[in-house]
Amino acid sequence: MVLTLGIMSSCEDLTELNKNPNAINADDGNVNLLMPSVLGPAGRNYLSLGLENMAGAMQFIQHSGWGGGTNAFAWDAQGWEGYYDILRTNELLIKNANKQGLSFHEGVGLTMRAFLFGQIADLWGDAPYTAALKANTGQMENLYPPYDSQETIYKGVIADLKAASALFAKANTTGINSASDLYYKGDNAKWEKFANSLIIRYYVRISAKSAESKAAVEAIVASGKYISSSADDATMDFTGGSSDQWPLIYTDEASSTRVMACEAIINQMNKTKDPRQKVWFAPVSVRWVKDNTISGASSKMLVDGVETNILPDWINYQGKTNVFTRLYNPNDVTRNDNEYVGVPAGMLSEKIHSFNGCPNGAQGRFNHHVSALNRMFMDGKPKAGDMLRTRFVSAAEMRFTLAEMALKGWNVGGTAETHYKAGILSSLETWGVAGSYNTFYESVTYNGTVEQIITQKWVASFCNATEAWNDFKRTGFPVLNVLVEEARAPVPALRYGYGNDELNNNKVNSQAAIEKLEITPYSGSIGKNSVYSRTWVLQGTGKPY
């Protein structure tokens, strides 16, 4: 008995001794320190998604090597741990802000919870939501929680955004450190517009399934409290610090050839003489020139018209003073001799290197006859206030969205044409070419079709291809074709497959979610968990294919 009591006493003492008096109490977490720990990673993740996997799906870019996720939709087993990691920190932000009566910080937390869970629902479909973020309770069922339906998550997202909007409307500035707000520097009014714009985004996302979408969107538009001017765009700067790097940086010839312009966006911009093209993409470094008189299909490289064995230096080609060309005989070969050239979506990586007659078709070599991203992306040295930013929600997105809704008969404060024009102008303003609006508009004059509105919205979503992807799923526009060389289907994929951790350890719940998916003609042997299967929001709509 004495021994037992002694052991119990020792255990109690050890428990006390094992408490670290210097440990940080999460409940004491400073909201102004927590906030950038949420905003920064959320912004970088969203940008990376919109510049890589989704940029490939929506045919802004293609990767010439290691491009399975970008070119071929190799999304079969995607983990969502990064999203839930940020959400755990965000829950602490919401909790501490609420406890301290800091309405601004709580509103930021609710907005970001909605933003992150909205992406999870967009990408995967059903997912842990109401029972998520509770693993620290020690209960086994919270380690592998049940999944909520995509419908439930979307409704929760909208509810959080409405609550956040109401908190921002209080205009309470207590406790705000503007440096901790990486998006709006502590501006309640702009955050309110951001939250309301996300509400519009998600009500439109589910509009085929929601009877309340129309009235809800009309009410926000009537209030005027949404992002309608490019000056209020929700963005995050990249300053180029060691932990604040732009995701796409060309450091050598091998990496420079990884990211190439895609044929779909280049053909669209060539057709309409789009002034944003010169901002986003580089002209080909060696342009083809027709010459019926040459012997053979093509000539050697020419520098200022003189044959040479010299190739343009990959790192300096965008600032070159010499003019590099090659002659080709159109009777013998077909070449794309435009100033800007893109590669077809879904082409095998090894073919991309030699596409359009490039003579040095080896992986890691620069294709001189295809456009790359422009030099500001290539340098990877963004400065505060410049164009290299995460773009969460823009006035262009909102205006094109309202143009589409106006066509449906919604009362959204203007005609479809008015919003369409405003969307184009807002995007041109964002990219510094607003002076070209009148000339450009002549080539894209409003024709009253949803396809035209969504096509111009797609173009304007450069750097934010994730929203273009969601629009494509909902509307089927723009019409995009994929070569069945590297990809498995001639169309873009519709979702991420559940990750291996869920499939192996949360089997019952993940399998229940998989069973609710709807196969399409492209789901193939993978079945319901295919990246080509429909989630709830698309089921019964016949979209996008």
# chains A, B, ... in the order shown; residues from 1 in each chain; ligands from 1

$ select_by_dssp --residues "stretch 194-401 of chain A" --states "strand (DSSP E or B)" --output "MDAnalysis selection string"
chainID A and resid 234:237 259:262 281 287:290 298 301:303 306:308 324:328 343 372:373 389:393

$ write_last_selection --atoms "N, CA, C and O atoms" --output "CSV table (one decimal), in the first residue's frame"
chain,number,residue,atom,x,y,z
A,234,ALA,N,-8.3,42.4,-53.9
A,234,ALA,CA,-7.7,41.7,-52.8
A,234,ALA,C,-6.5,41.0,-53.3
A,234,ALA,O,-6.5,40.1,-54.1
A,235,THR,N,-5.3,41.5,-52.8
A,235,THR,CA,-4.0,41.0,-53.3
A,235,THR,C,-3.0,40.9,-52.2
A,235,THR,O,-3.3,41.5,-51.1
A,236,MET,N,-1.9,40.2,-52.4
A,236,MET,CA,-0.8,40.2,-51.5
A,236,MET,C,0.5,40.3,-52.2
A,236,MET,O,0.8,39.7,-53.2
A,237,ASP,N,1.3,41.3,-51.7
A,237,ASP,CA,2.6,41.6,-52.4
A,237,ASP,C,3.6,40.5,-52.0
A,237,ASP,O,3.5,39.8,-51.0
A,259,VAL,N,8.7,26.4,-67.9
A,259,VAL,CA,7.4,27.0,-68.1
A,259,VAL,C,7.3,27.7,-69.4
A,259,VAL,O,8.0,28.7,-69.7
A,260,MET,N,6.4,27.3,-70.2
A,260,MET,CA,6.2,27.8,-71.6
A,260,MET,C,4.7,28.2,-71.7
A,260,MET,O,3.8,27.7,-71.1
A,261,ALA,N,4.5,29.2,-72.6
A,261,ALA,CA,3.2,29.6,-72.9
A,261,ALA,C,2.4,28.5,-73.6
A,261,ALA,O,2.9,27.7,-74.4
A,262,CYS,N,1.1,28.5,-73.3
A,262,CYS,CA,0.2,27.5,-73.9
A,262,CYS,C,-0.5,28.0,-75.1
A,262,CYS,O,-0.8,29.2,-75.2
A,281,PHE,N,3.8,37.6,-71.5
A,281,PHE,CA,4.6,36.6,-72.2
A,281,PHE,C,5.7,37.3,-73.0
A,281,PHE,O,5.7,38.5,-73.3
A,287,ARG,N,12.4,34.0,-84.4
A,287,ARG,CA,11.2,34.0,-85.2
A,287,ARG,C,11.4,33.4,-86.6
A,287,ARG,O,12.4,33.6,-87.2
A,288,TRP,N,10.4,32.6,-87.0
A,288,TRP,CA,10.5,32.0,-88.3
A,288,TRP,C,10.0,33.1,-89.4
A,288,TRP,O,9.1,33.9,-89.1
A,289,VAL,N,10.7,33.0,-90.5
A,289,VAL,CA,10.4,34.0,-91.6
A,289,VAL,C,10.2,33.1,-92.9
A,289,VAL,O,11.0,32.3,-93.3
A,290,LYS,N,9.1,33.3,-93.6
A,290,LYS,CA,8.8,32.6,-94.8
A,290,LYS,C,9.8,33.0,-95.9
A,290,LYS,O,10.1,34.2,-96.1
A,298,SER,N,14.6,24.6,-94.2
A,298,SER,CA,14.8,25.7,-93.3
A,298,SER,C,16.3,26.1,-93.4
A,298,SER,O,17.2,25.3,-93.8
A,301,MET,N,20.5,29.4,-88.2
A,301,MET,CA,20.2,30.6,-87.4
A,301,MET,C,20.7,31.9,-88.1
A,301,MET,O,21.9,31.9,-88.6
A,302,LEU,N,19.9,32.9,-88.1
A,302,LEU,CA,20.4,34.2,-88.6
A,302,LEU,C,20.4,35.2,-87.5
A,302,LEU,O,19.5,35.3,-86.7
A,303,VAL,N,21.5,36.0,-87.4
A,303,VAL,CA,21.6,37.1,-86.5
A,303,VAL,C,21.7,38.4,-87.3
A,303,VAL,O,22.6,38.6,-88.1
A,306,VAL,N,22.3,37.6,-90.9
A,306,VAL,CA,23.5,36.9,-91.3
A,306,VAL,C,23.6,35.5,-90.6
A,306,VAL,O,23.4,35.4,-89.4
A,307,GLU,N,23.9,34.4,-91.4
A,307,GLU,CA,23.9,33.1,-90.9
A,307,GLU,C,25.0,33.0,-89.8
A,307,GLU,O,26.1,33.6,-89.9
A,308,THR,N,24.7,32.2,-88.8
A,308,THR,CA,25.6,32.1,-87.6
A,308,THR,C,25.3,30.8,-86.9
A,308,THR,O,24.2,30.2,-87.1
A,324,PHE,N,17.2,37.6,-84.0
A,324,PHE,CA,17.5,36.3,-84.4
A,324,PHE,C,16.3,35.7,-85.2
A,324,PHE,O,15.2,35.8,-84.7
A,325,THR,N,16.6,35.2,-86.3
A,325,THR,CA,15.5,34.6,-87.2
A,325,THR,C,16.0,33.3,-87.8
A,325,THR,O,17.2,33.0,-87.8
A,326,ARG,N,15.0,32.6,-88.4
A,326,ARG,CA,15.4,31.4,-89.2
A,326,ARG,C,14.4,31.5,-90.4
A,326,ARG,O,13.2,31.8,-90.2
A,327,LEU,N,14.9,31.1,-91.6
A,327,LEU,CA,14.0,31.1,-92.8
A,327,LEU,C,13.4,29.7,-92.9
A,327,LEU,O,14.1,28.7,-92.6
A,328,TYR,N,12.2,29.7,-93.4
A,328,TYR,CA,11.6,28.4,-93.7
A,328,TYR,C,10.9,28.5,-95.1
A,328,TYR,O,10.3,29.5,-95.4
A,343,VAL,N,2.6,26.2,-76.9
A,343,VAL,CA,2.6,24.8,-77.2
A,343,VAL,C,1.2,24.2,-76.9
A,343,VAL,O,0.5,24.7,-76.0
A,372,ALA,N,8.0,32.1,-73.7
A,372,ALA,CA,8.0,31.8,-72.2
A,372,ALA,C,7.3,33.0,-71.5
A,372,ALA,O,6.8,33.9,-72.1
A,373,LEU,N,7.3,32.9,-70.2
A,373,LEU,CA,6.8,34.0,-69.4
A,373,LEU,C,7.7,35.2,-69.6
A,373,LEU,O,8.9,35.1,-69.9
A,389,ARG,N,1.9,39.6,-57.6
A,389,ARG,CA,1.1,39.5,-56.4
A,389,ARG,C,0.2,38.3,-56.5
A,389,ARG,O,-0.1,37.8,-57.5
A,390,THR,N,-0.2,37.8,-55.3
A,390,THR,CA,-1.3,36.9,-55.2
A,390,THR,C,-2.6,37.7,-55.5
A,390,THR,O,-2.7,38.8,-54.9
A,391,ARG,N,-3.5,37.2,-56.3
A,391,ARG,CA,-4.7,38.0,-56.6
A,391,ARG,C,-5.9,37.1,-56.2
A,391,ARG,O,-6.2,36.1,-56.9
A,392,PHE,N,-6.5,37.4,-55.1
A,392,PHE,CA,-7.5,36.6,-54.5
A,392,PHE,C,-8.9,36.9,-55.2
A,392,PHE,O,-9.5,36.0,-55.7
A,393,VAL,N,-9.3,38.1,-55.2
A,393,VAL,CA,-10.5,38.5,-55.9
A,393,VAL,C,-10.2,39.9,-56.5
A,393,VAL,O,-9.6,40.8,-55.9

$ residues_around --residues "stretch 66-76 of chain A" --least-positions-apart "4" --cutoff "8 Å" --atoms "only C-alpha atoms" --output "VMD selection string"
chain A and resid 52 to 57 62 345 to 347 349 486 to 488 492 to 493 495 to 499 529 to 531

$ atom_distance --atom1 "atom CA of A:Ile206" --atom2 "atom CA of A:Phe117"
14.9 Å

$ closest_residue --among "A:Leu133, A:Val221, A:His63, A:Leu39" --to "A:Tyr84" --atoms "only C-alpha atoms"
A:Leu133

$ closest_residue --among "A:Glu192, A:Ser149, A:Gln452, A:Gly107" --to "A:Ala164" --atoms "only C-alpha atoms"
A:Gly107

$ closest_residue --among "A:Phe194, A:Tyr420, A:Tyr441, A:Phe366" --to "A:Ser285" --atoms "only C-alpha atoms"
A:Phe366

$ residues_around --residues "A:Arg534" --least-positions-apart "3" --cutoff "10 Å" --atoms "only C-alpha atoms" --output "number ranges by chain"
A: 125, 473, 493-495, 516-520, 523, 528-531, 537-545

$ write_last_selection --atoms "N, CA, C and O atoms" --output "CSV table (one decimal), in the first residue's frame"
chain,number,residue,atom,x,y,z
A,125,GLY,N,-14.2,18.2,-53.1
A,125,GLY,CA,-15.6,17.8,-52.9
A,125,GLY,C,-16.0,17.7,-51.5
A,125,GLY,O,-15.7,18.6,-50.7
A,473,LYS,N,-15.7,24.6,-65.0
A,473,LYS,CA,-16.5,23.5,-64.5
A,473,LYS,C,-18.0,23.8,-64.5
A,473,LYS,O,-18.9,23.0,-64.8
A,493,ALA,N,-9.4,18.2,-66.1
A,493,ALA,CA,-10.0,17.4,-65.0
A,493,ALA,C,-10.8,18.3,-64.1
A,493,ALA,O,-10.8,19.5,-64.2
A,494,LEU,N,-11.7,17.6,-63.3
A,494,LEU,CA,-12.7,18.3,-62.5
A,494,LEU,C,-12.4,18.4,-61.0
A,494,LEU,O,-13.1,19.2,-60.3
A,495,ARG,N,-11.5,17.6,-60.5
A,495,ARG,CA,-11.3,17.6,-59.1
A,495,ARG,C,-9.9,16.9,-58.7
A,495,ARG,O,-9.3,16.4,-59.6
A,516,LYS,N,-20.3,8.9,-53.4
A,516,LYS,CA,-21.2,10.0,-53.7
A,516,LYS,C,-20.8,10.7,-55.0
A,516,LYS,O,-21.6,11.5,-55.5
A,517,LEU,N,-19.6,10.5,-55.5
A,517,LEU,CA,-19.2,11.1,-56.7
A,517,LEU,C,-19.9,10.5,-57.9
A,517,LEU,O,-20.4,9.4,-57.9
A,518,GLU,N,-19.9,11.2,-59.0
A,518,GLU,CA,-20.6,10.8,-60.2
A,518,GLU,C,-19.6,10.6,-61.3
A,518,GLU,O,-18.9,11.6,-61.7
A,519,ILE,N,-19.5,9.5,-61.9
A,519,ILE,CA,-18.6,9.2,-63.0
A,519,ILE,C,-19.0,10.0,-64.3
A,519,ILE,O,-20.2,10.3,-64.5
A,520,THR,N,-18.0,10.3,-65.1
A,520,THR,CA,-18.3,10.9,-66.4
A,520,THR,C,-17.7,9.9,-67.5
A,520,THR,O,-17.0,8.9,-67.1
A,523,SER,N,-14.0,9.1,-66.6
A,523,SER,CA,-13.6,8.7,-65.3
A,523,SER,C,-12.7,7.4,-65.4
A,523,SER,O,-11.8,7.2,-64.6
A,528,LYS,N,-15.0,6.1,-59.5
A,528,LYS,CA,-15.6,7.3,-58.9
A,528,LYS,C,-14.5,8.3,-58.4
A,528,LYS,O,-14.8,9.5,-58.3
A,529,ASN,N,-13.4,7.8,-57.9
A,529,ASN,CA,-12.4,8.7,-57.3
A,529,ASN,C,-11.5,9.3,-58.4
A,529,ASN,O,-10.5,9.9,-58.1
A,530,SER,N,-12.0,9.2,-59.6
A,530,SER,CA,-11.2,9.8,-60.8
A,530,SER,C,-11.2,11.3,-60.7
A,530,SER,O,-12.2,11.9,-60.2
A,531,VAL,N,-10.2,11.9,-61.2
A,531,VAL,CA,-10.1,13.4,-61.3
A,531,VAL,C,-11.1,13.9,-62.3
A,531,VAL,O,-11.4,15.1,-62.4
A,537,VAL,N,-21.7,19.7,-56.7
A,537,VAL,CA,-22.1,21.0,-57.3
A,537,VAL,C,-22.3,20.9,-58.8
A,537,VAL,O,-23.1,21.7,-59.4
A,538,LEU,N,-21.7,19.8,-59.4
A,538,LEU,CA,-21.9,19.7,-60.9
A,538,LEU,C,-22.9,18.6,-61.2
A,538,LEU,O,-23.3,18.5,-62.4
A,539,GLN,N,-23.3,17.8,-60.3
A,539,GLN,CA,-24.2,16.7,-60.6
A,539,GLN,C,-25.5,17.2,-61.0
A,539,GLN,O,-26.1,18.0,-60.4
A,540,GLY,N,-26.0,16.6,-62.1
A,540,GLY,CA,-27.3,17.0,-62.6
A,540,GLY,C,-27.3,18.3,-63.5
A,540,GLY,O,-28.3,18.7,-64.0
A,541,THR,N,-26.1,18.9,-63.6
A,541,THR,CA,-26.1,20.2,-64.4
A,541,THR,C,-25.7,19.9,-65.8
A,541,THR,O,-25.9,20.8,-66.7
A,542,GLY,N,-25.1,18.7,-66.1
A,542,GLY,CA,-24.6,18.5,-67.5
A,542,GLY,C,-23.4,19.2,-67.8
A,542,GLY,O,-22.9,19.2,-69.0
A,543,LYS,N,-22.7,19.8,-66.8
A,543,LYS,CA,-21.5,20.6,-67.1
A,543,LYS,C,-20.3,20.0,-66.5
A,543,LYS,O,-20.4,19.2,-65.5
A,544,PRO,N,-19.1,20.2,-67.0
A,544,PRO,CA,-18.9,21.0,-68.2
A,544,PRO,C,-18.9,20.0,-69.4
A,544,PRO,O,-18.7,20.5,-70.6
A,545,TYR,N,-19.0,18.7,-69.2
A,545,TYR,CA,-19.1,17.7,-70.2
A,545,TYR,C,-19.8,16.5,-69.7
A,545,TYR,O,-20.0,16.4,-68.5

$ residues_around --residues "A:Met112" --least-positions-apart "3" --cutoff "9 Å" --atoms "only C-alpha atoms" --output "PDB file with N, CA, C and O atoms, in the first residue's frame"
ATOM      1  N   VAL A  38      -1.255  33.139 -40.975  1.00  0.00           N
ATOM      2  CA  VAL A  38      -2.367  32.604 -41.760  1.00  0.00           C
ATOM      3  C   VAL A  38      -2.374  33.233 -43.154  1.00  0.00           C
ATOM      4  O   VAL A  38      -2.429  32.533 -44.172  1.00  0.00           O
ATOM      5  N   LEU A  39      -2.298  34.548 -43.206  1.00  0.00           N
ATOM      6  CA  LEU A  39      -2.447  35.263 -44.476  1.00  0.00           C
ATOM      7  C   LEU A  39      -1.325  34.945 -45.453  1.00  0.00           C
ATOM      8  O   LEU A  39      -1.570  34.757 -46.653  1.00  0.00           O
ATOM      9  N   ALA A  42      -1.503  31.209 -46.805  1.00  0.00           N
ATOM     10  CA  ALA A  42      -2.725  31.074 -47.608  1.00  0.00           C
ATOM     11  C   ALA A  42      -2.556  31.758 -48.960  1.00  0.00           C
ATOM     12  O   ALA A  42      -2.974  31.239 -50.002  1.00  0.00           O
ATOM     13  N   LEU A  87      -5.414  26.152 -41.370  1.00  0.00           N
ATOM     14  CA  LEU A  87      -6.701  26.276 -40.683  1.00  0.00           C
ATOM     15  C   LEU A  87      -6.561  26.112 -39.177  1.00  0.00           C
ATOM     16  O   LEU A  87      -7.277  26.751 -38.399  1.00  0.00           O
ATOM     17  N   ASN A  90      -5.419  29.291 -37.890  1.00  0.00           N
ATOM     18  CA  ASN A  90      -6.520  30.237 -38.050  1.00  0.00           C
ATOM     19  C   ASN A  90      -7.579  30.073 -36.972  1.00  0.00           C
ATOM     20  O   ASN A  90      -8.180  31.054 -36.518  1.00  0.00           O
ATOM     21  N   GLY A 107     -13.028  38.830 -37.732  1.00  0.00           N
ATOM     22  CA  GLY A 107     -13.544  38.871 -39.102  1.00  0.00           C
ATOM     23  C   GLY A 107     -12.530  38.338 -40.107  1.00  0.00           C
ATOM     24  O   GLY A 107     -12.889  37.605 -41.035  1.00  0.00           O
ATOM     25  N   VAL A 108     -11.251  38.691 -39.908  1.00  0.00           N
ATOM     26  CA  VAL A 108     -10.202  38.171 -40.781  1.00  0.00           C
ATOM     27  C   VAL A 108     -10.148  36.648 -40.671  1.00  0.00           C
ATOM     28  O   VAL A 108     -10.073  35.928 -41.675  1.00  0.00           O
ATOM     29  N   GLY A 109     -10.201  36.141 -39.429  1.00  0.00           N
ATOM     30  CA  GLY A 109     -10.165  34.700 -39.227  1.00  0.00           C
ATOM     31  C   GLY A 109     -11.326  33.978 -39.877  1.00  0.00           C
ATOM     32  O   GLY A 109     -11.160  32.921 -40.512  1.00  0.00           O
ATOM     33  N   PHE A 115     -12.399  31.044 -46.895  1.00  0.00           N
ATOM     34  CA  PHE A 115     -11.578  31.011 -48.100  1.00  0.00           C
ATOM     35  C   PHE A 115     -10.875  29.653 -48.241  1.00  0.00           C
ATOM     36  O   PHE A 115     -10.855  29.057 -49.326  1.00  0.00           O
ATOM     37  N   LEU A 116     -10.317  29.136 -47.151  1.00  0.00           N
ATOM     38  CA  LEU A 116      -9.572  27.884 -47.199  1.00  0.00           C
ATOM     39  C   LEU A 116     -10.492  26.676 -47.335  1.00  0.00           C
ATOM     40  O   LEU A 116     -10.237  25.769 -48.147  1.00  0.00           O
ATOM     41  N   PHE A 117     -11.567  26.635 -46.567  1.00  0.00           N
ATOM     42  CA  PHE A 117     -12.501  25.523 -46.708  1.00  0.00           C
ATOM     43  C   PHE A 117     -13.201  25.561 -48.071  1.00  0.00           C
ATOM     44  O   PHE A 117     -13.530  24.512 -48.636  1.00  0.00           O
ATOM     45  N   LEU A 161     -18.654  33.925 -44.058  1.00  0.00           N
ATOM     46  CA  LEU A 161     -18.409  35.192 -44.754  1.00  0.00           C
ATOM     47  C   LEU A 161     -19.432  36.255 -44.362  1.00  0.00           C
ATOM     48  O   LEU A 161     -19.091  37.433 -44.217  1.00  0.00           O
TER      49      LEU A 161
END

$ closest_residue --among "A:Ser64, A:Thr449, A:Gln59, A:Asn136" --to "A:Glu404" --atoms "only C-alpha atoms"
A:Thr449

$ atom_distance --atom1 "atom CA of A:Phe168" --atom2 "atom CA of A:Ser223"
14.4 Å

$ select_by_dssp --residues "stretch 147-246 of chain A" --states "alpha helix (DSSP H)" --output "ChimeraX atom specification"
/A:150-169,188-205,213-223

$ residues_around --residues "A:Lys193" --least-positions-apart "5" --cutoff "6 Å" --atoms "only C-alpha atoms" --output "number ranges by chain"
A: 225-227

$ write_last_selection --atoms "N, CA and C atoms" --output "tab-separated table (two decimals), in the first residue's frame"
chain	number	residue	atom	x	y	z
A	225	LYS	N	-21.17	47.28	-51.51
A	225	LYS	CA	-20.02	46.86	-50.70
A	225	LYS	C	-19.43	45.56	-51.24
A	226	TYR	N	-18.87	45.66	-52.42
A	226	TYR	CA	-18.14	44.55	-53.03
A	226	TYR	C	-17.03	45.16	-53.88
A	227	ILE	N	-16.12	44.35	-54.36
A	227	ILE	CA	-14.97	44.86	-55.10
A	227	ILE	C	-15.41	45.21	-56.53

$ residues_around --residues "A:Asn447" --least-positions-apart "3" --cutoff "12 Å" --atoms "only C-alpha atoms" --output "short mmCIF file (atom, residue, chain, number, x, y, z; two decimals) with C-alpha atoms, in the first residue's frame"
data_model
loop_
_atom_site.label_atom_id
_atom_site.label_comp_id
_atom_site.auth_asym_id
_atom_site.auth_seq_id
_atom_site.Cartn_x
_atom_site.Cartn_y
_atom_site.Cartn_z
CA ALA A 403 -22.27 40.48 -66.54
CA LEU A 407 -27.75 37.86 -68.80
CA ALA A 416 -24.46 42.73 -68.95
CA GLU A 417 -22.68 44.95 -71.45
CA TYR A 420 -18.53 43.30 -69.37
CA LYS A 421 -16.87 46.56 -70.42
CA TYR A 441 -12.42 46.65 -77.19
CA GLU A 442 -12.99 46.89 -80.94
CA SER A 443 -11.73 43.31 -81.24
CA VAL A 444 -13.86 41.98 -78.36
CA VAL A 450 -22.12 33.80 -71.95
CA GLU A 451 -19.25 32.24 -73.89
CA GLN A 452 -17.77 35.64 -74.70
CA ILE A 453 -18.11 36.87 -71.12
CA GLN A 456 -12.73 37.28 -71.42
#

$ atom_distance --atom1 "atom CA of A:Ala189" --atom2 "atom CA of A:Met35"
17.8 Å

$ residues_around --residues "A:Asp160" --least-positions-apart "6" --cutoff "9 Å" --atoms "only C-alpha atoms" --output "PyMOL selection string"
chain A and resi 107+110-111+113-114

$ closest_residue --among "A:Tyr129, A:Tyr184, A:Phe440, A:Phe400" --to "A:Asp274" --atoms "only C-alpha atoms"
A:Phe440
